[in-house]
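What follows is the content of model-v9.csv, which has CSV, C-alpha atoms:
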```
chain,number,residue,atom,x,y,z
A,1,MET,CA,0.0,0.0,0.0
A,2,ALA,CA,1.2,3.5,-0.8
A,3,ASP,CA,2.2,5.3,2.4
A,4,SER,CA,-0.1,8.3,1.8
A,5,ARG,CA,-3.1,6.1,1.4
A,6,LEU,CA,-2.2,4.0,4.4
A,7,GLU,CA,-2.0,7.1,6.6
A,8,THR,CA,-5.3,8.4,5.2
A,9,LEU,CA,-6.9,5.0,5.9
A,10,SER,CA,-5.5,4.9,9.5
A,11,ARG,CA,-6.8,8.4,10.2
A,12,ILE,CA,-10.3,7.6,8.9
A,13,LEU,CA,-10.5,4.4,10.9
A,14,VAL,CA,-9.3,6.0,14.2
A,15,GLU,CA,-10.9,9.4,14.0
A,16,TYR,CA,-14.0,8.8,11.9
A,17,SER,CA,-15.0,5.2,12.0
A,18,LEU,CA,-14.2,4.5,15.7
A,19,ASP,CA,-14.0,8.1,17.0
A,20,VAL,CA,-11.4,7.0,19.5
A,21,GLN,CA,-11.3,9.0,22.7
A,22,PRO,CA,-8.7,9.4,25.5
A,23,HIS,CA,-8.5,6.5,28.0
A,24,GLN,CA,-10.5,4.1,25.8
A,25,LEU,CA,-9.4,0.5,25.4
A,26,VAL,CA,-9.0,-0.2,21.7
A,27,THR,CA,-8.4,-3.7,20.3
A,28,ILE,CA,-6.6,-4.0,16.9
A,29,GLY,CA,-6.9,-7.4,15.3
A,30,GLY,CA,-5.2,-8.6,12.2
A,31,SER,CA,-2.6,-10.9,10.8
A,32,THR,CA,1.1,-10.1,10.5
A,33,LEU,CA,0.5,-9.4,6.8
A,34,ALA,CA,-1.3,-6.2,7.9
A,35,ALA,CA,1.6,-5.0,10.0
A,36,PRO,CA,1.9,-1.6,8.1
A,37,LEU,CA,-1.7,-0.8,8.8
A,38,ILE,CA,-1.6,-2.1,12.3
A,39,ARG,CA,1.4,0.1,13.1
A,40,ALA,CA,-0.3,3.2,11.6
A,41,VAL,CA,-3.5,2.6,13.5
A,42,TYR,CA,-1.6,1.8,16.7
A,43,ARG,CA,0.3,5.1,16.4
A,44,ARG,CA,-2.9,7.1,15.9
A,45,VAL,CA,-4.6,5.4,18.9
A,46,ILE,CA,-1.6,6.4,21.1
A,47,GLU,CA,-1.8,9.9,19.8
A,48,ARG,CA,-5.5,10.1,20.7
A,49,GLY,CA,-4.6,9.2,24.3
A,50,ALA,CA,-6.2,5.8,24.3
A,51,TYR,CA,-4.9,2.3,25.2
A,52,PRO,CA,-4.3,0.1,22.1
A,53,VAL,CA,-4.4,-3.7,22.5
A,54,PRO,CA,-2.9,-5.4,19.4
A,55,GLN,CA,-4.3,-8.9,18.9
A,56,ILE,CA,-2.1,-10.1,16.1
A,57,SER,CA,-2.4,-13.5,14.5
A,58,LEU,CA,0.1,-15.6,12.5
A,59,PRO,CA,-1.0,-17.1,9.2
A,60,GLY,CA,-1.5,-20.8,9.5
A,61,LEU,CA,-2.5,-21.1,13.2
A,62,SER,CA,-6.2,-21.5,12.5
A,63,GLU,CA,-5.4,-24.4,10.1
A,64,ILE,CA,-3.4,-26.1,12.9
A,65,PHE,CA,-6.1,-25.4,15.5
A,66,TYR,CA,-9.0,-26.9,13.5
A,67,GLY,CA,-6.9,-29.7,12.2
A,68,LYS,CA,-5.3,-30.9,15.4
A,69,ALA,CA,-7.4,-29.7,18.4
A,70,ASN,CA,-9.5,-32.1,20.4
A,71,ASP,CA,-13.1,-31.3,21.3
A,72,ASP,CA,-12.1,-29.7,24.7
A,73,GLN,CA,-9.6,-27.5,23.0
A,74,LEU,CA,-12.1,-26.5,20.3
A,75,ARG,CA,-14.5,-25.4,23.1
A,76,PHE,CA,-11.8,-23.7,25.2
A,77,ILE,CA,-12.0,-19.9,25.1
A,78,ARG,CA,-8.6,-18.2,25.6
A,79,PRO,CA,-8.5,-15.3,28.1
A,80,ASP,CA,-7.7,-12.8,25.4
A,81,GLU,CA,-10.9,-13.7,23.5
A,82,HIS,CA,-12.9,-12.0,26.3
A,83,ILE,CA,-11.2,-8.6,25.8
A,84,MET,CA,-12.9,-7.4,22.7
A,85,PRO,CA,-16.5,-8.4,23.3
A,86,GLU,CA,-16.5,-7.8,27.1
A,87,GLN,CA,-14.0,-5.0,27.9
A,88,ALA,CA,-13.1,-3.0,24.8
A,89,ASP,CA,-14.5,0.5,24.1
A,90,ALA,CA,-13.6,0.2,20.4
A,91,ALA,CA,-12.5,-2.7,18.2
A,92,LEU,CA,-10.9,-2.7,14.8
A,93,SER,CA,-10.7,-6.0,12.9
A,94,ILE,CA,-8.4,-6.0,9.9
A,95,LEU,CA,-9.0,-8.8,7.3
A,96,SER,CA,-5.6,-9.8,6.1
A,97,ASP,CA,-5.6,-13.5,5.1
A,98,ALA,CA,-2.6,-15.2,3.5
A,99,ASN,CA,-4.8,-18.0,2.2
A,100,THR,CA,-8.6,-17.6,2.1
A,101,LYS,CA,-9.0,-21.4,1.4
A,102,ALA,CA,-6.9,-22.5,4.3
A,103,LEU,CA,-9.8,-24.0,6.2
A,104,SER,CA,-11.6,-25.6,3.2
A,105,GLY,CA,-10.5,-29.1,4.3
A,106,VAL,CA,-11.7,-28.8,7.9
A,107,ASP,CA,-14.7,-30.8,9.0
A,108,PRO,CA,-17.5,-28.3,9.3
A,109,ALA,CA,-18.6,-30.0,12.6
A,110,ARG,CA,-15.4,-28.9,14.2
A,111,GLN,CA,-15.9,-25.3,13.2
A,112,GLN,CA,-19.5,-25.6,14.4
A,113,LEU,CA,-18.4,-26.8,17.8
A,114,ALA,CA,-16.1,-23.9,18.2
A,115,ARG,CA,-18.8,-21.4,17.1
A,116,GLN,CA,-21.3,-22.8,19.6
A,117,ALA,CA,-18.8,-22.6,22.4
A,118,ARG,CA,-18.5,-18.8,21.7
A,119,ALA,CA,-22.1,-18.1,21.3
A,120,ASP,CA,-22.3,-16.2,24.6
A,121,LEU,CA,-19.3,-14.0,23.6
A,122,THR,CA,-21.1,-13.3,20.3
A,123,LYS,CA,-24.2,-12.3,22.1
A,124,ARG,CA,-22.3,-10.1,24.5
A,125,TYR,CA,-20.6,-8.4,21.6
A,126,LEU,CA,-23.9,-7.6,19.9
A,127,GLU,CA,-25.5,-6.4,23.1
A,128,ARG,CA,-22.7,-4.0,24.0
A,129,SER,CA,-22.6,-2.7,20.4
A,130,ALA,CA,-26.4,-2.1,20.5
A,131,ALA,CA,-26.0,-0.3,23.8
A,132,GLY,CA,-23.3,2.0,22.5
A,133,GLU,CA,-20.7,0.5,24.9
A,134,LEU,CA,-18.6,-0.9,22.1
A,135,LYS,CA,-17.8,0.7,18.7
A,136,TRP,CA,-16.5,-1.7,16.1
A,137,CYS,CA,-15.3,-1.6,12.6
A,138,VAL,CA,-14.1,-4.2,10.1
A,139,THR,CA,-11.7,-3.2,7.3
A,140,LEU,CA,-9.3,-5.0,4.9
A,141,PHE,CA,-5.6,-4.9,4.1
A,142,PRO,CA,-5.0,-6.0,0.5
A,143,THR,CA,-3.1,-9.3,0.3
A,144,ASN,CA,-2.3,-11.5,-2.6
A,145,ALA,CA,-4.9,-14.0,-1.4
A,146,PHE,CA,-7.7,-11.4,-1.7
A,147,ALA,CA,-6.4,-10.2,-5.0
A,148,GLN,CA,-6.4,-13.8,-6.4
A,149,ASP,CA,-9.9,-14.4,-5.2
A,150,ALA,CA,-11.0,-11.2,-7.0
A,151,GLU,CA,-9.0,-12.3,-10.1
A,152,MET,CA,-6.9,-9.1,-10.0
A,153,SER,CA,-3.2,-8.3,-9.7
A,154,LEU,CA,-2.3,-7.0,-6.2
A,155,SER,CA,-1.8,-3.5,-7.6
A,156,ASP,CA,-5.2,-3.5,-9.3
A,157,TYR,CA,-6.8,-4.9,-6.2
A,158,GLU,CA,-5.3,-2.1,-4.1
A,159,GLU,CA,-6.8,0.4,-6.5
A,160,PHE,CA,-10.1,-1.3,-6.1
A,161,VAL,CA,-9.9,-1.1,-2.3
A,162,TYR,CA,-8.9,2.6,-2.4
A,163,SER,CA,-11.7,3.5,-4.8
A,164,ALA,CA,-14.3,1.7,-2.7
A,165,GLY,CA,-13.1,3.6,0.4
A,166,LEU,CA,-13.1,7.0,-1.4
A,167,LEU,CA,-9.5,7.4,-0.3
A,168,ASP,CA,-8.4,9.3,-3.4
A,169,ALA,CA,-10.9,12.1,-2.6
A,170,ALA,CA,-9.5,15.4,-1.4
A,171,ASP,CA,-11.5,15.0,1.8
A,172,PRO,CA,-12.5,11.4,2.2
A,173,VAL,CA,-14.4,12.1,5.5
A,174,ALA,CA,-16.5,14.7,3.8
A,175,GLU,CA,-17.3,12.2,1.1
A,176,TRP,CA,-18.4,9.7,3.6
A,177,GLN,CA,-20.5,12.3,5.4
A,178,ALA,CA,-22.3,12.9,2.1
A,179,VAL,CA,-22.9,9.2,1.7
A,180,SER,CA,-24.3,9.2,5.2
A,181,ARG,CA,-26.8,12.0,4.4
A,182,GLU,CA,-28.1,10.2,1.3
A,183,GLN,CA,-28.4,6.9,3.1
A,184,GLN,CA,-30.2,8.6,6.0
A,185,ARG,CA,-32.8,9.9,3.5
A,186,LEU,CA,-33.6,6.3,2.6
A,187,VAL,CA,-33.6,5.2,6.3
A,188,ASP,CA,-36.0,8.0,7.1
A,189,TRP,CA,-38.3,7.0,4.3
A,190,LEU,CA,-38.4,3.4,5.5
A,191,SER,CA,-38.9,4.3,9.2
A,192,ASP,CA,-42.7,3.9,9.3
A,193,LYS,CA,-43.1,1.1,6.7
A,194,GLN,CA,-44.3,-2.4,7.3
A,195,HIS,CA,-44.3,-4.7,4.3
A,196,VAL,CA,-41.5,-5.6,1.8
A,197,HIS,CA,-41.9,-7.6,-1.4
A,198,VAL,CA,-38.9,-8.5,-3.5
A,199,THR,CA,-39.1,-10.0,-6.9
A,200,ALA,CA,-36.2,-10.9,-9.1
A,201,PRO,CA,-35.2,-13.9,-11.3
A,202,GLY,CA,-35.5,-16.9,-8.9
A,203,THR,CA,-36.8,-14.7,-6.1
A,204,ASP,CA,-40.2,-13.9,-4.7
A,205,LEU,CA,-39.8,-12.9,-1.1
A,206,ARG,CA,-42.1,-11.2,1.4
A,207,LEU,CA,-41.1,-10.0,4.9
A,208,GLU,CA,-42.2,-7.5,7.6
A,209,ILE,CA,-40.1,-4.6,9.0
A,210,SER,CA,-42.8,-2.9,11.2
A,211,GLY,CA,-41.2,-1.6,14.4
A,212,ARG,CA,-37.7,-2.4,13.2
A,213,LYS,CA,-35.0,0.2,12.7
A,214,PHE,CA,-32.8,0.5,9.6
A,215,ILE,CA,-29.2,1.4,10.3
A,216,ASN,CA,-27.2,3.8,8.2
A,217,ALA,CA,-23.9,2.0,7.6
A,218,ASP,CA,-21.7,4.9,6.5
A,219,GLY,CA,-18.1,3.9,7.3
A,220,ARG,CA,-18.4,3.4,11.0
A,221,TYR,CA,-19.3,-0.3,11.0
A,222,ASN,CA,-17.2,-1.4,8.1
A,223,PHE,CA,-14.7,0.4,6.0
A,224,PRO,CA,-15.4,0.7,3.1
A,225,ASP,CA,-19.1,0.7,3.8
A,226,GLY,CA,-22.3,1.5,2.0
A,227,GLU,CA,-25.5,-0.2,3.1
A,228,ILE,CA,-28.6,0.2,5.0
A,229,PHE,CA,-29.8,-2.8,7.1
A,230,THR,CA,-32.3,-4.0,9.6
A,231,GLY,CA,-33.6,-7.1,11.3
A,232,PRO,CA,-36.9,-8.4,9.8
A,233,LEU,CA,-39.6,-9.7,12.0
A,234,GLU,CA,-38.3,-13.2,12.7
A,235,ASN,CA,-41.5,-15.1,11.8
A,236,SER,CA,-42.5,-12.9,8.9
A,237,VAL,CA,-40.4,-14.1,6.0
A,238,ASN,CA,-42.1,-16.2,3.3
A,239,GLY,CA,-41.3,-17.2,-0.2
A,240,HIS,CA,-38.0,-18.1,-1.9
A,241,VAL,CA,-34.8,-16.4,-2.8
A,242,ARG,CA,-31.9,-17.3,-5.2
A,243,PHE,CA,-28.6,-15.8,-4.4
A,244,THR,CA,-26.8,-14.5,-7.4
A,245,PHE,CA,-23.2,-14.7,-6.1
A,246,PRO,CA,-21.3,-17.5,-4.4
A,247,CYS,CA,-21.4,-17.4,-0.6
A,248,SER,CA,-17.8,-17.7,0.7
A,249,VAL,CA,-17.3,-18.6,4.3
A,250,ALA,CA,-14.6,-20.4,6.4
A,251,GLY,CA,-12.6,-21.2,3.2
A,252,ARG,CA,-15.5,-22.6,1.3
A,253,GLU,CA,-17.5,-21.3,-1.6
A,254,VAL,CA,-21.2,-22.3,-1.6
A,255,GLU,CA,-22.6,-21.6,-5.0
A,256,ASP,CA,-26.2,-21.1,-6.4
A,257,VAL,CA,-27.8,-21.1,-3.0
A,258,GLN,CA,-31.6,-21.2,-2.9
A,259,LEU,CA,-33.7,-20.9,0.2
A,260,TRP,CA,-37.4,-21.4,0.9
A,261,PHE,CA,-39.0,-19.7,3.9
A,262,GLU,CA,-42.2,-20.5,5.8
A,263,ASN,CA,-43.1,-18.2,8.6
A,264,GLY,CA,-39.6,-17.0,8.9
A,265,LYS,CA,-37.8,-20.4,9.0
A,266,VAL,CA,-35.8,-22.0,6.2
A,267,VAL,CA,-37.7,-25.2,5.4
A,268,LYS,CA,-35.7,-26.1,2.2
A,269,ALA,CA,-32.2,-25.2,1.0
A,270,THR,CA,-30.2,-26.2,-2.0
A,271,ALA,CA,-26.8,-25.3,-3.5
A,272,GLU,CA,-25.0,-26.3,-6.7
A,273,LYS,CA,-21.7,-26.5,-4.8
A,274,ASN,CA,-21.0,-27.4,-1.1
A,275,GLU,CA,-24.7,-28.1,-0.4
A,276,GLU,CA,-23.8,-30.4,2.5
A,277,TYR,CA,-21.8,-27.6,4.2
A,278,LEU,CA,-24.9,-25.3,3.8
A,279,LEU,CA,-27.2,-27.8,5.3
A,280,ARG,CA,-24.9,-28.5,8.3
A,281,THR,CA,-24.5,-24.8,9.0
A,282,LEU,CA,-28.3,-24.4,9.0
A,283,ASP,CA,-28.3,-27.0,11.8
A,284,THR,CA,-25.8,-25.1,14.0
A,285,ASP,CA,-28.7,-24.0,16.3
A,286,GLU,CA,-32.3,-23.0,16.2
A,287,GLY,CA,-31.6,-19.5,15.2
A,288,ALA,CA,-29.5,-20.5,12.2
A,289,ARG,CA,-32.6,-21.1,10.0
A,290,TYR,CA,-34.0,-17.6,10.6
A,291,LEU,CA,-32.9,-14.2,9.2
A,292,GLY,CA,-31.0,-11.8,11.4
A,293,GLU,CA,-30.5,-9.2,8.7
A,294,PHE,CA,-32.1,-7.7,5.6
A,295,ALA,CA,-30.1,-5.0,3.8
A,296,PHE,CA,-29.5,-3.1,0.6
A,297,GLY,CA,-26.0,-2.3,-0.8
A,298,THR,CA,-25.5,1.3,-1.8
A,299,ASN,CA,-21.8,1.7,-2.7
A,300,ARG,CA,-21.7,2.5,-6.5
A,301,GLY,CA,-18.0,2.5,-6.3
A,302,ILE,CA,-18.2,-1.3,-5.9
A,303,SER,CA,-19.6,-2.8,-9.1
A,304,LYS,CA,-17.5,-6.0,-9.4
A,305,PHE,CA,-17.9,-9.2,-7.4
A,306,SER,CA,-14.6,-9.9,-5.6
A,307,SER,CA,-15.4,-12.9,-3.5
A,308,ASN,CA,-15.0,-10.9,-0.3
A,309,ILE,CA,-18.2,-10.2,1.7
A,310,LEU,CA,-16.9,-6.9,3.1
A,311,PHE,CA,-17.0,-5.5,-0.4
A,312,ASP,CA,-19.6,-7.7,-2.2
A,313,GLU,CA,-22.5,-7.0,0.3
A,314,LYS,CA,-22.0,-3.3,-0.4
A,315,ILE,CA,-22.3,-3.5,-4.2
A,316,GLY,CA,-24.8,-0.8,-5.2
A,317,GLY,CA,-28.0,-2.3,-6.4
A,318,THR,CA,-27.9,-5.5,-4.4
A,319,MET,CA,-29.7,-7.0,-1.5
A,320,HIS,CA,-28.2,-9.2,1.1
A,321,LEU,CA,-29.8,-11.4,3.8
A,322,ALA,CA,-28.0,-12.9,6.8
A,323,LEU,CA,-28.9,-16.1,8.4
A,324,GLY,CA,-28.5,-16.2,12.1
A,325,ALA,CA,-27.8,-13.5,14.7
A,326,SER,CA,-29.6,-10.2,14.6
A,327,TYR,CA,-28.0,-6.9,15.4
A,328,PRO,CA,-30.0,-5.8,18.5
A,329,GLU,CA,-29.9,-2.1,17.6
A,330,THR,CA,-32.2,-2.9,14.7
A,331,GLY,CA,-34.8,-4.4,17.0
A,332,GLY,CA,-34.0,-7.9,15.8
A,333,VAL,CA,-34.1,-10.6,18.5
A,334,ASN,CA,-32.8,-13.7,16.6
A,335,GLU,CA,-29.9,-15.4,18.4
A,336,SER,CA,-27.5,-17.8,16.8
A,337,ALA,CA,-23.8,-18.6,16.7
A,338,ILE,CA,-23.7,-17.8,13.0
A,339,HIS,CA,-24.2,-14.6,11.0
A,340,TRP,CA,-23.9,-15.6,7.3
A,341,ASP,CA,-24.5,-12.9,4.7
A,342,MET,CA,-25.7,-14.0,1.2
A,343,ILE,CA,-26.1,-11.6,-1.8
A,344,CYS,CA,-28.8,-11.2,-4.4
A,345,ASP,CA,-28.2,-9.0,-7.4
A,346,LEU,CA,-31.1,-6.7,-8.1
A,347,ARG,CA,-29.6,-4.7,-11.0
A,348,GLN,CA,-31.7,-6.5,-13.6
A,349,GLN,CA,-35.4,-7.5,-13.8
A,350,SER,CA,-36.1,-6.8,-10.2
A,351,GLU,CA,-38.5,-4.8,-8.1
A,352,VAL,CA,-38.6,-4.0,-4.4
A,353,ARG,CA,-42.0,-2.7,-3.2
A,354,VAL,CA,-42.4,-1.4,0.3
A,355,ASP,CA,-46.1,-1.0,1.5
A,356,ASP,CA,-47.0,-1.4,-2.2
A,357,GLN,CA,-44.8,1.6,-3.2
A,358,LEU,CA,-42.0,1.1,-5.6
A,359,PHE,CA,-38.8,1.5,-3.6
A,360,MET,CA,-36.2,0.0,-6.0
A,361,LYS,CA,-36.3,-1.1,-9.6
A,362,ASP,CA,-33.4,-2.8,-11.3
A,363,GLY,CA,-31.1,-1.8,-8.5
A,364,VAL,CA,-31.9,1.9,-8.5
A,365,PHE,CA,-33.8,3.6,-5.7
A,366,GLN,CA,-37.0,5.2,-6.8
A,367,VAL,CA,-38.0,7.3,-3.7
```

Serialized structure, structure tokens:
Amino acid sequence: MADSRLETLSRILVEYSLDVQPHQLVTIGGSTLAAPLIRAVYRRVIERGAYPVPQISLPGLSEIFYGKANDDQLRFIRPDEHIMPEQADAALSILSDANTKALSGVDPARQQLARQARADLTKRYLERSAAGELKWCVTLFPTNAFAQDAEMSLSDYEEFVYSAGLLDAADPVAEWQAVSREQQRLVDWLSDKQHVHVTAPGTDLRLEISGRKFINADGRYNFPDGEIFTGPLENSVNGHVRFTFPCSVAGREVEDVQLWFENGKVVKATAEKNEEYLLRTLDTDEGARYLGEFAFGTNRGISKFSSNILFDEKIGGTMHLALGASYPETGGVNESAIHWDMICDLRQQSEVRVDDQLFMKDGVFQV
């Protein structure tokens, strides 16, 4: 990464996204590959008078853990795992994988066991976030692994990341504030609505949002950002949806996922690739078959699928649904050890109607 952009990114993350204040406890998570960004963020956290807590991982350790650990070791929660969800005031997670397929050979049941053991930590993390006790942000440091997944050179992928984050603008923070205002307009319009009906090739889905809150994701939850999201009424989802893009998780690509809902619950699921993994994940716990999130991507600077959910769920003109845990700040109450985002492209032959009013057509907002 170019030094100027690295410094710009660290400034935005610390001063805008997390708004770090003196005496706050700030965790900084990422692999050794992200060392340049970790150093820049660490320096800025120190300059803000806060207390940085680096939580740095070594590529390959997760592969050893899931490949060799016994069941007791899979369930064991290290003392440092409590810091971010239970004690931190702000938390930055830097995606920085050396090999995004490193866990593709791991038995899904082993990953499921580890997730279930950490369900209480996940719940506490979401509760503190909803209460405003914990600010969090997820960002990405470009690596060769991410560039290969996106079918780009590393330099081209860096340009893709910079562009999505508006880092080339004269005043990136002002640009994100403008994004925030436009998204807030949409959030305000949706604030008193009840019914949503989405139609697209392979998709005819109805759900309820009455009493739920849409969140304006404007660079403070993720960076880059660009979405508005809520938690639908848990038992309101009916119909079927076909996800346009592959769903990558834990080193596996699950392709051509189709889900059928009855009264909120997934009653049938198919996939062209890795269907068994999909079905086993749906059986993680009771909440895994219900939606925890319903969202629209708004970032027009992201138009290309890159096999990374941080960017793909933000593609302008798309919808994404997440199976599993709700974000409590939306009013959602679904609990699960998973939160699995899946993306549906709405840029062609689609309509989204809200209370019978045309809200989006072919990926373009109409209100």

Original post:
List as a PyMOL selection string: which residues have an atom within 6 Å of (-28.0, -8.0, 7.2), counting all atoms listed in the file?
Top reply: chain A and resi 229+293-295+321-322

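Closest approach to Arg124 of chain A among A:Asp192, A:Asp168, A:Glu335, A:Glu262: A:Glu335, based on all atoms listed in the file.
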
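You will find atom CA of His339 of chain A at 7.4 Å from atom CA of Gly292 of chain A.
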
Restrict the calculation to all atoms listed in the file, then for each residue of segment 166-276 of chain A with any atom at most 12 Å from an atom of segment 84-92 of chain A give the closest atom pair and their distance in Å to one decimal, rows by chain and rising residue number, as JSON lines.
```
{"residue": "A:Arg220", "atom": "CA", "partner": "A:Leu92", "partner_atom": "CA", "distance": 10.4}
{"residue": "A:Tyr221", "atom": "CA", "partner": "A:Leu92", "partner_atom": "CA", "distance": 9.5}
{"residue": "A:Asn222", "atom": "CA", "partner": "A:Leu92", "partner_atom": "CA", "distance": 9.3}
{"residue": "A:Phe223", "atom": "CA", "partner": "A:Leu92", "partner_atom": "CA", "distance": 10.1}
```

**OP:** Would you mind telling me which residue in A:Tyr125, A:Asp72, A:Val173, A:Asn144 lies nearest to Glu15 of chain A when using all atoms listed in the file?
**Re:** A:Val173

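Between atom CA of Leu207 of chain A and atom CA of Ile343 of chain A lies a distance of 16.5 Å.
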
**OP:** For Leu95 of chain A, list every protein, DNA or RNA residue within 9 Å, evaluated using only C-alpha atoms, and leave out those in the same chain fewer than 3 positions away; present the list as number ranges by chain.
**Re:** A: 29-31, 34, 138-142

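Taking atom CA of Ala269 of chain A as the reference point, atom CA of Val257 of chain A is found at 7.2 Å.
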
Residues near Pro108 of chain A, anyone? I mean within 9 Å using all atoms listed in the file, not counting same-chain ones fewer than 3 positions away, as an mmCIF file with C-alpha atoms, in the coordinates of the input.
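What landed in selection.cif:
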```cif
data_model
loop_
_atom_site.group_PDB
_atom_site.id
_atom_site.type_symbol
_atom_site.label_atom_id
_atom_site.label_comp_id
_atom_site.auth_asym_id
_atom_site.auth_seq_id
_atom_site.Cartn_x
_atom_site.Cartn_y
_atom_site.Cartn_z
ATOM 1 C CA SER A 104 -11.600 -25.600 3.200
ATOM 2 C CA GLY A 105 -10.500 -29.100 4.300
ATOM 3 C CA GLN A 111 -15.900 -25.300 13.200
ATOM 4 C CA GLN A 112 -19.500 -25.600 14.400
ATOM 5 C CA LEU A 113 -18.400 -26.800 17.800
ATOM 6 C CA ALA A 250 -14.600 -20.400 6.400
ATOM 7 C CA TYR A 277 -21.800 -27.600 4.200
ATOM 8 C CA ARG A 280 -24.900 -28.500 8.300
ATOM 9 C CA THR A 281 -24.500 -24.800 9.000
#
```

Original post:
With only C-alpha atoms as the atoms that count, which of A:Leu310, A:Val254, A:Ala114, A:Leu358 lies nearest to Phe146 of chain A?
Top reply: A:Leu310

Subject >> Proximity to Ala98 of chain A - best of A:Lys135, A:Ser10, A:Pro59, A:Arg115, only C-alpha atoms >> reply: A:Pro59

Original post:
With all atoms listed in the file as the atoms that count, which of A:Asn299, A:Thr199, A:Ser180, A:Thr143 lies nearest to Pro224 of chain A?
Top reply: A:Asn299

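Counting all atoms listed in the file, Ala150 of chain A has the following residues at most 7 Å away, ignoring those fewer than 3 positions along the same chain: Phe146, Ala147, Ser306 and Ser307 of chain A.
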
Please produce a file of those selected residues containing C-alpha atoms, as a PDB file, keeping the file's coordinate frame.
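Printed below is result02.pdb as written:
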```pdb
ATOM      1  CA  PHE A 146      -7.700 -11.400  -1.700  1.00  0.00           C
ATOM      2  CA  ALA A 147      -6.400 -10.200  -5.000  1.00  0.00           C
ATOM      3  CA  SER A 306     -14.600  -9.900  -5.600  1.00  0.00           C
ATOM      4  CA  SER A 307     -15.400 -12.900  -3.500  1.00  0.00           C
TER       5      SER A 307
END
```

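Of the residues under consideration (A:Arg181, A:Arg110, A:Arg242, A:Lys101), A:Arg242 shows the shortest atom-to-atom contact distance to Thr203 of chain A when counting all atoms listed in the file.
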
Original post:
Counting all atoms listed in the file, what is within 10 Å of Ser303 of chain A, bar same-chain residues fewer than 6 positions away, as a list in words?
Top reply: Ala164, Phe311, Asp312, Lys314, Ile315, Gly316, Gly317 and Thr318 of chain A
